[in-house]
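J.: Sharing model08.pdb below, PDB, C-alpha atoms, pLDDT in the B column:
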ATOM      1  CA  MET A   1      49.101   9.064   1.140  1.00 45.00           C
ATOM      2  CA  ALA A   2      51.150  12.081   2.137  1.00 50.00           C
ATOM      3  CA  ASP A   3      48.175  14.343   2.751  1.00 61.00           C
ATOM      4  CA  ASP A   4      45.662  14.573   5.580  1.00 65.00           C
ATOM      5  CA  LYS A   5      43.220  12.120   3.996  1.00 73.00           C
ATOM      6  CA  LEU A   6      42.412   8.600   5.069  1.00 77.00           C
ATOM      7  CA  PRO A   7      41.173   5.886   2.703  1.00 77.00           C
ATOM      8  CA  GLU A   8      37.485   5.609   3.612  1.00 76.00           C
ATOM      9  CA  PRO A   9      35.826   2.340   2.580  1.00 76.00           C
ATOM     10  CA  ALA A  10      33.149   2.386  -0.110  1.00 76.00           C
ATOM     11  CA  LYS A  11      30.806   0.327   2.097  1.00 76.00           C
ATOM     12  CA  LEU A  12      30.918   0.559   5.859  1.00 78.00           C
ATOM     13  CA  PRO A  13      30.788  -2.549   8.007  1.00 76.00           C
ATOM     14  CA  LEU A  14      28.301  -2.735  10.844  1.00 74.00           C
ATOM     15  CA  THR A  15      29.580  -1.824  14.273  1.00 74.00           C
ATOM     16  CA  PRO A  16      30.281  -4.614  16.777  1.00 76.00           C
ATOM     17  CA  ASP A  17      27.595  -3.112  19.068  1.00 75.00           C
ATOM     18  CA  GLU A  18      24.956  -3.413  16.342  1.00 75.00           C
ATOM     19  CA  LEU A  19      25.937  -7.008  15.627  1.00 76.00           C
ATOM     20  CA  LYS A  20      25.855  -7.859  19.337  1.00 80.00           C
ATOM     21  CA  ARG A  21      22.417  -6.242  19.754  1.00 77.00           C
ATOM     22  CA  HIS A  22      21.056  -8.718  17.193  1.00 73.00           C
ATOM     23  CA  ASN A  23      23.148 -11.662  18.474  1.00 78.00           C
ATOM     24  CA  ALA A  24      24.736 -11.806  15.031  1.00 76.00           C
ATOM     25  CA  GLU A  25      28.465 -11.382  15.676  1.00 73.00           C
ATOM     26  CA  TRP A  26      29.098 -14.187  13.179  1.00 72.00           C
ATOM     27  CA  ARG A  27      27.643 -12.001  10.372  1.00 69.00           C
ATOM     28  CA  GLY A  28      30.253  -9.252  10.873  1.00 65.00           C
ATOM     29  CA  GLY A  29      31.913  -9.497   7.480  1.00 66.00           C
ATOM     30  CA  LEU A  30      28.724 -10.313   5.608  1.00 68.00           C
ATOM     31  CA  VAL A  31      26.486  -7.324   6.364  1.00 70.00           C
ATOM     32  CA  GLN A  32      27.119  -3.748   5.283  1.00 74.00           C
ATOM     33  CA  ALA A  33      25.728  -0.581   6.832  1.00 75.00           C
ATOM     34  CA  PRO A  34      22.728   0.926   5.022  1.00 74.00           C
ATOM     35  CA  PRO A  35      22.999   4.292   3.233  1.00 74.00           C
ATOM     36  CA  ALA A  36      22.953   7.402   5.421  1.00 72.00           C
ATOM     37  CA  ASN A  37      19.411   8.365   4.397  1.00 72.00           C
ATOM     38  CA  SER A  38      17.949   4.927   5.120  1.00 72.00           C
ATOM     39  CA  TYR A  39      15.948   3.849   8.156  1.00 69.00           C
ATOM     40  CA  VAL A  40      16.256   0.150   7.347  1.00 71.00           C
ATOM     41  CA  ASP A  41      17.785  -2.155   9.927  1.00 71.00           C
ATOM     42  CA  PRO A  42      20.255  -4.240   7.890  1.00 70.00           C
ATOM     43  CA  LEU A  43      19.866  -7.237  10.200  1.00 70.00           C
ATOM     44  CA  THR A  44      16.080  -7.470   9.968  1.00 70.00           C
ATOM     45  CA  PRO A  45      15.168 -10.590   8.011  1.00 65.00           C
ATOM     46  CA  VAL A  46      13.757  -9.923   4.577  1.00 61.00           C
ATOM     47  CA  PRO A  47      10.110 -11.038   4.465  1.00 62.00           C
ATOM     48  CA  LEU A  48       9.145 -13.591   1.890  1.00 56.00           C
ATOM     49  CA  ARG A  49       7.351 -12.367  -1.189  1.00 59.00           C
ATOM     50  CA  PRO A  50       3.555 -12.584  -1.019  1.00 59.00           C
ATOM     51  CA  THR A  51       3.573 -14.900  -4.034  1.00 58.00           C
ATOM     52  CA  SER A  52       5.660 -17.481  -2.200  1.00 54.00           C
ATOM     53  CA  PRO A  53       3.581 -20.503  -1.110  1.00 54.00           C
ATOM     54  CA  LEU A  54       5.307 -20.466   2.297  1.00 54.00           C
ATOM     55  CA  TYR A  55       4.104 -16.925   2.959  1.00 52.00           C
ATOM     56  CA  GLN A  56       0.477 -17.468   2.025  1.00 53.00           C
ATOM     57  CA  GLN A  57      -1.894 -18.610   4.748  1.00 52.00           C
ATOM     58  CA  PRO A  58      -3.897 -21.753   4.256  1.00 52.00           C
ATOM     59  CA  PRO A  59      -7.439 -20.862   3.129  1.00 52.00           C
ATOM     60  CA  LEU A  60      -9.033 -22.699   6.090  1.00 51.00           C
ATOM     61  CA  LEU A  61      -7.520 -20.354   8.686  1.00 48.00           C
ATOM     62  CA  GLY A  62      -9.299 -17.280   7.383  1.00 45.00           C
ATOM     63  CA  PRO A  63      -8.205 -13.637   7.624  1.00 49.00           C
ATOM     64  CA  GLN A  64      -8.557 -13.394  11.429  1.00 50.00           C
ATOM     65  CA  GLN A  65      -5.492 -15.582  12.044  1.00 50.00           C
ATOM     66  CA  PRO A  66      -2.067 -13.988  12.701  1.00 51.00           C
ATOM     67  CA  PRO A  67       0.508 -14.143   9.918  1.00 50.00           C
ATOM     68  CA  LEU A  68       2.680 -17.252   9.775  1.00 50.00           C
ATOM     69  CA  PHE A  69       5.957 -15.422  10.279  1.00 51.00           C
ATOM     70  CA  GLY A  70       5.344 -13.224  13.358  1.00 50.00           C
ATOM     71  CA  THR A  71       4.223  -9.627  13.431  1.00 50.00           C
ATOM     72  CA  PRO A  72       4.336  -7.530  10.283  1.00 51.00           C
ATOM     73  CA  PRO A  73       7.366  -5.222   9.925  1.00 50.00           C
ATOM     74  CA  PHE A  74       7.193  -1.866  11.719  1.00 51.00           C
ATOM     75  CA  ALA A  75       4.291  -3.011  13.914  1.00 55.00           C
ATOM     76  CA  PRO A  76       4.729  -2.149  17.587  1.00 56.00           C
ATOM     77  CA  ALA A  77       5.284  -5.089  19.883  1.00 56.00           C
ATOM     78  CA  PRO A  78       2.165  -6.089  21.822  1.00 60.00           C
ATOM     79  CA  GLY A  79       2.223  -4.256  25.155  1.00 61.00           C
ATOM     80  CA  GLY A  80       5.351  -2.349  24.118  1.00 58.00           C
ATOM     81  CA  PRO A  81       5.943   1.386  24.078  1.00 56.00           C
ATOM     82  CA  PRO A  82       4.409   3.480  21.282  1.00 59.00           C
ATOM     83  CA  GLN A  83       6.631   3.937  18.255  1.00 57.00           C
ATOM     84  CA  ASP A  84       6.429   7.746  18.015  1.00 59.00           C
ATOM     85  CA  ARG A  85       7.742   8.727  21.445  1.00 60.00           C
ATOM     86  CA  LEU A  86      11.010  10.317  20.288  1.00 65.00           C
ATOM     87  CA  LYS A  87      10.824  13.752  18.712  1.00 73.00           C
ATOM     88  CA  ILE A  88      13.890  15.904  18.091  1.00 79.00           C
ATOM     89  CA  GLU A  89      13.972  19.365  16.551  1.00 85.00           C
ATOM     90  CA  PRO A  90      15.700  19.461  13.142  1.00 86.00           C
ATOM     91  CA  ALA A  91      18.007  22.247  14.377  1.00 90.00           C
ATOM     92  CA  VAL A  92      19.346  19.900  17.064  1.00 91.00           C
ATOM     93  CA  LEU A  93      20.031  17.225  14.446  1.00 90.00           C
ATOM     94  CA  ASN A  94      21.813  19.728  12.179  1.00 93.00           C
ATOM     95  CA  THR A  95      23.920  20.960  15.110  1.00 94.00           C
ATOM     96  CA  ALA A  96      24.862  17.367  15.961  1.00 93.00           C
ATOM     97  CA  ALA A  97      25.788  16.773  12.309  1.00 94.00           C
ATOM     98  CA  GLY A  98      28.077  19.806  12.422  1.00 95.00           C
ATOM     99  CA  ARG A  99      29.732  18.439  15.567  1.00 95.00           C
ATOM    100  CA  ALA A 100      30.237  15.070  13.876  1.00 94.00           C
ATOM    101  CA  ASP A 101      31.936  16.906  10.989  1.00 94.00           C
ATOM    102  CA  GLU A 102      34.193  18.708  13.486  1.00 95.00           C
ATOM    103  CA  ILE A 103      35.139  15.388  15.096  1.00 94.00           C
ATOM    104  CA  HIS A 104      35.788  13.940  11.623  1.00 92.00           C
ATOM    105  CA  THR A 105      38.183  16.773  10.809  1.00 91.00           C
ATOM    106  CA  ALA A 106      39.859  16.652  14.230  1.00 92.00           C
ATOM    107  CA  PHE A 107      40.356  12.875  13.878  1.00 92.00           C
ATOM    108  CA  THR A 108      41.433  12.467  10.259  1.00 89.00           C
ATOM    109  CA  LYS A 109      44.263  15.023  10.170  1.00 87.00           C
ATOM    110  CA  PRO A 110      46.271  13.560  13.088  1.00 89.00           C
ATOM    111  CA  ALA A 111      45.412   9.980  12.083  1.00 88.00           C
ATOM    112  CA  ALA A 112      46.661  10.553   8.529  1.00 86.00           C
ATOM    113  CA  ALA A 113      49.749  12.413   9.780  1.00 88.00           C
ATOM    114  CA  LEU A 114      51.213   9.114  11.004  1.00 88.00           C
ATOM    115  CA  GLU A 115      52.125   8.119   7.465  1.00 88.00           C
ATOM    116  CA  GLU A 116      55.406  10.071   7.232  1.00 90.00           C
ATOM    117  CA  PRO A 117      56.835   8.772  10.543  1.00 92.00           C
ATOM    118  CA  ALA A 118      55.790   5.224   9.647  1.00 91.00           C
ATOM    119  CA  ARG A 119      57.405   5.497   6.217  1.00 91.00           C
ATOM    120  CA  ALA A 120      60.620   6.872   7.786  1.00 94.00           C
ATOM    121  CA  ALA A 121      60.704   4.002  10.300  1.00 94.00           C
ATOM    122  CA  VAL A 122      60.168   1.427   7.545  1.00 92.00           C
ATOM    123  CA  THR A 123      62.991   2.982   5.479  1.00 93.00           C
ATOM    124  CA  ALA A 124      65.336   3.043   8.484  1.00 94.00           C
ATOM    125  CA  MET A 125      64.604  -0.613   9.240  1.00 92.00           C
ATOM    126  CA  ALA A 126      64.743  -1.874   5.645  1.00 90.00           C
ATOM    127  CA  GLY A 127      65.481  -5.578   5.551  1.00 89.00           C
ATOM    128  CA  TRP A 128      64.462  -6.166   9.146  1.00 92.00           C
ATOM    129  CA  ASP A 129      61.337  -8.000  10.222  1.00 92.00           C
ATOM    130  CA  SER A 130      60.493  -4.952  12.369  1.00 91.00           C
ATOM    131  CA  GLY A 131      60.339  -2.776   9.245  1.00 91.00           C
ATOM    132  CA  ASP A 132      57.872  -5.156   7.613  1.00 91.00           C
ATOM    133  CA  ALA A 133      55.846  -5.279  10.841  1.00 93.00           C
ATOM    134  CA  ILE A 134      55.666  -1.465  11.022  1.00 92.00           C
ATOM    135  CA  LYS A 135      54.554  -1.349   7.398  1.00 91.00           C
ATOM    136  CA  ALA A 136      51.825  -3.963   8.024  1.00 92.00           C
ATOM    137  CA  ALA A 137      50.718  -2.223  11.244  1.00 92.00           C
ATOM    138  CA  HIS A 138      50.492   1.134   9.477  1.00 91.00           C
ATOM    139  CA  LYS A 139      48.477  -0.394   6.633  1.00 90.00           C
ATOM    140  CA  GLN A 140      46.030  -1.852   9.195  1.00 91.00           C
ATOM    141  CA  TRP A 141      45.953   1.497  11.053  1.00 90.00           C
ATOM    142  CA  GLU A 142      45.000   3.337   7.866  1.00 89.00           C
ATOM    143  CA  LYS A 143      42.266   0.796   7.135  1.00 88.00           C
ATOM    144  CA  GLN A 144      40.779   1.015  10.639  1.00 89.00           C
ATOM    145  CA  ALA A 145      41.159   4.808  10.891  1.00 90.00           C
ATOM    146  CA  GLY A 146      39.550   5.153   7.445  1.00 90.00           C
ATOM    147  CA  THR A 147      36.598   3.094   8.669  1.00 89.00           C
ATOM    148  CA  VAL A 148      36.242   5.365  11.705  1.00 90.00           C
ATOM    149  CA  ALA A 149      36.402   8.435   9.450  1.00 91.00           C
ATOM    150  CA  GLY A 150      33.813   6.851   7.154  1.00 90.00           C
ATOM    151  CA  TRP A 151      31.479   6.216  10.091  1.00 90.00           C
ATOM    152  CA  LEU A 152      31.861   9.804  11.313  1.00 92.00           C
ATOM    153  CA  ALA A 153      30.913  11.077   7.843  1.00 91.00           C
ATOM    154  CA  HIS A 154      28.035   8.556   7.714  1.00 91.00           C
ATOM    155  CA  ILE A 155      26.730   9.695  11.110  1.00 91.00           C
ATOM    156  CA  ALA A 156      26.829  13.353  10.047  1.00 93.00           C
ATOM    157  CA  GLU A 157      24.917  12.615   6.839  1.00 91.00           C
ATOM    158  CA  SER A 158      22.392  10.446   8.706  1.00 90.00           C
ATOM    159  CA  LEU A 159      21.689  13.278  11.140  1.00 91.00           C
ATOM    160  CA  ARG A 160      21.203  15.716   8.264  1.00 92.00           C
ATOM    161  CA  ALA A 161      18.892  13.265   6.471  1.00 89.00           C
ATOM    162  CA  GLY A 162      16.859  12.894   9.671  1.00 87.00           C
ATOM    163  CA  ALA A 163      16.525  16.686   9.950  1.00 87.00           C
ATOM    164  CA  ARG A 164      15.393  16.907   6.312  1.00 85.00           C
ATOM    165  CA  ASP A 165      12.864  14.123   6.844  1.00 83.00           C
ATOM    166  CA  TYR A 166      11.385  15.870   9.896  1.00 77.00           C
ATOM    167  CA  SER A 167      10.849  19.025   7.842  1.00 70.00           C
ATOM    168  CA  LYS A 168       9.488  17.126   4.841  1.00 75.00           C
ATOM    169  CA  THR A 169       7.113  15.084   7.024  1.00 74.00           C
ATOM    170  CA  ASN A 170       5.840  18.160   8.871  1.00 68.00           C
ATOM    171  CA  VAL A 171       5.091  19.950   5.580  1.00 70.00           C
ATOM    172  CA  GLU A 172       3.320  16.889   4.138  1.00 75.00           C
ATOM    173  CA  ILE A 173       1.169  16.501   7.257  1.00 74.00           C
ATOM    174  CA  GLU A 174       0.254  20.190   7.197  1.00 74.00           C
ATOM    175  CA  GLN A 175      -0.716  19.952   3.527  1.00 75.00           C
ATOM    176  CA  SER A 176      -2.830  16.859   4.169  1.00 75.00           C
ATOM    177  CA  PHE A 177      -4.961  18.833   6.659  1.00 74.00           C
ATOM    178  CA  LYS A 178      -5.525  21.855   4.364  1.00 75.00           C
ATOM    179  CA  GLY A 179      -9.007  20.772   3.281  1.00 72.00           C
ATOM    180  CA  VAL A 180     -10.180  19.596   6.709  1.00 71.00           C
ATOM    181  CA  THR A 181     -12.491  21.883   8.630  1.00 71.00           C
ATOM    182  CA  ARG A 182     -13.067  21.613  12.346  1.00 70.00           C
ATOM    183  CA  ARG A 183     -16.582  20.659  13.336  1.00 71.00           C
ATOM    184  CA  SER A 184     -18.308  22.731  15.936  1.00 69.00           C
ATOM    185  CA  GLY A 185     -19.638  21.144  19.104  1.00 70.00           C
ATOM    186  CA  LEU A 186     -22.892  23.054  18.461  1.00 72.00           C
ATOM    187  CA  GLU A 187     -23.385  21.538  15.029  1.00 69.00           C
ATOM    188  CA  GLY A 188     -26.582  19.481  14.751  1.00 65.00           C
ATOM    189  CA  LEU A 189     -28.316  20.995  17.803  1.00 63.00           C
TER     190      LEU A 189
END
Now, as a test, write the supplied structure out as structure tokens.
T.:
Amino acid sequence: MADDKLPEPAKLPLTPDELKRHNAEWRGGLVQAPPANSYVDPLTPVPLRPTSPLYQQPPLLGPQQPPLFGTPPFAPAPGGPPQDRLKIEPAVLNTAAGRADEIHTAFTKPAAALEEPARAAVTAMAGWDSGDAIKAAHKQWEKQAGTVAGWLAHIAESLRAGARDYSKTNVEIEQSFKGVTRRSGLEGL
């Protein structure tokens, strides 16, 4: 690769911080990052299908009993903070996405520029174990740097998707209130 491009992986691995947050370091190579426009936590267990006999409640418990497998997904924890406390303007998200693109560009060009010096060192040390080690180290560098570049691009797209979703949600909420009229406090007196 003699240009300023890095080989970005088709599927990004999860970050070590994300794996540690879920106490799932052992799943590092098994779980892939979700698409940029997804809000799904990839380490959340998949609920059983409602048709599964393990998921269905026994008929004697009745509907007032809690579900067998904890709280339903996306339900706030009892006594926890409300789920809608973070609100960010779409312009801020788009600006952050632009900054992530700038960091991507500033990172990938110098990171990819190491190929020529590495190739020259490998050629100069042909037949030596050091030459093979430099070649292996450069291959690993390109893989890791490509993953970093992929994450930077993923972060930028995620921020843009979040900004689009804010706008789309605001428009849908406004449209849902079009037919609602405000009642007067004097009504019915």
J.: Quick one: which residues end up in the PyMOL selection byres ((chain A and resi 112) around 10) for this structure, as a list in words?
T.: Met1, Ala2, Asp3, Asp4, Lys5, Leu6, Pro7, Phe107, Thr108, Lys109, Pro110, Ala111, Ala113, Leu114, Glu115, Glu116, Trp141, Glu142, Ala145 and Gly146 of chain A
J.: Distance cut-off 12 Å, centre (17.0, 4.4, 4.3) in file coordinates, counting all atoms listed in the file: which residues qualify? Return them as a list in words.
T.: Ala33, Pro34, Pro35, Ala36, Asn37, Ser38, Tyr39, Val40, Asp41, Pro42, Glu157, Ser158, Ala161, Gly162 and Asp165 of chain A
J.: Calculated over only C-alpha atoms, which of the candidates A:Ser176, A:Asn23, A:Thr105, A:Thr44 has the smallest distance to A:Ala153?
T.: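 With only C-alpha atoms as the atom set, the closest residue is A:Thr105.
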J.: Using all atoms listed in the file, pick whichever of A:Val148, A:Ile155, A:Ala163, A:Leu12 has the shortest atom-to-atom distance to A:Gln32.
T.: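 Using all atoms listed in the file, the shortest distance to A:Gln32 belongs to A:Leu12.
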J.: So which residues touch A:Glu25 within 8 Å, counting all atoms listed in the file, skipping near sequence neighbours fewer than 5 positions away, as a PyMOL selection string?
T.: chain A and resi 16+19-20
J.: At what distance in Å, to one decimal, does atom CA of A:Lys143 lie from atom CA of A:Ala126?
T.: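 Computing it gives 22.7 Å between the two atoms.
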J.: Kindly indicate which residue among A:Val180, A:Ala156, A:Arg164, A:Val171 lies nearest to A:Arg99, using all atoms listed in the file for the distances.
T.: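 Comparing A:Val180, A:Ala156, A:Arg164, A:Val171 against A:Arg99, the winner is A:Ala156.
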J.: Interatomic distance between atom CA of A:Gly185 and atom CA of A:Ile173?
T.: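 These two atoms are separated by 24.4 Å.
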J.: If you measure from atom CA of A:Leu43 to atom CA of A:Trp151, what distance in Å do you get, rounded to one decimal?
T.: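 The value is 17.8 Å.
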J.: With only C-alpha atoms as the atoms that count, which of A:Leu93, A:Ala10, A:Leu152, A:Ile103 lies nearest to A:Ser167?
T.: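 Using only C-alpha atoms, the shortest distance to A:Ser167 belongs to A:Leu93.
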J.: Would you mind telling me which residue in A:Leu186, A:Ala149, A:Val31, A:Ala137 lies nearest to A:Glu8 when using all atoms listed in the file?
T.: A:Ala149
J.: Which one of A:Arg160, A:Glu174, A:Thr147, A:Ile88 sits closest to A:Thr15 if you count only C-alpha atoms?
T.: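 Closest to A:Thr15, using only C-alpha atoms: A:Thr147.
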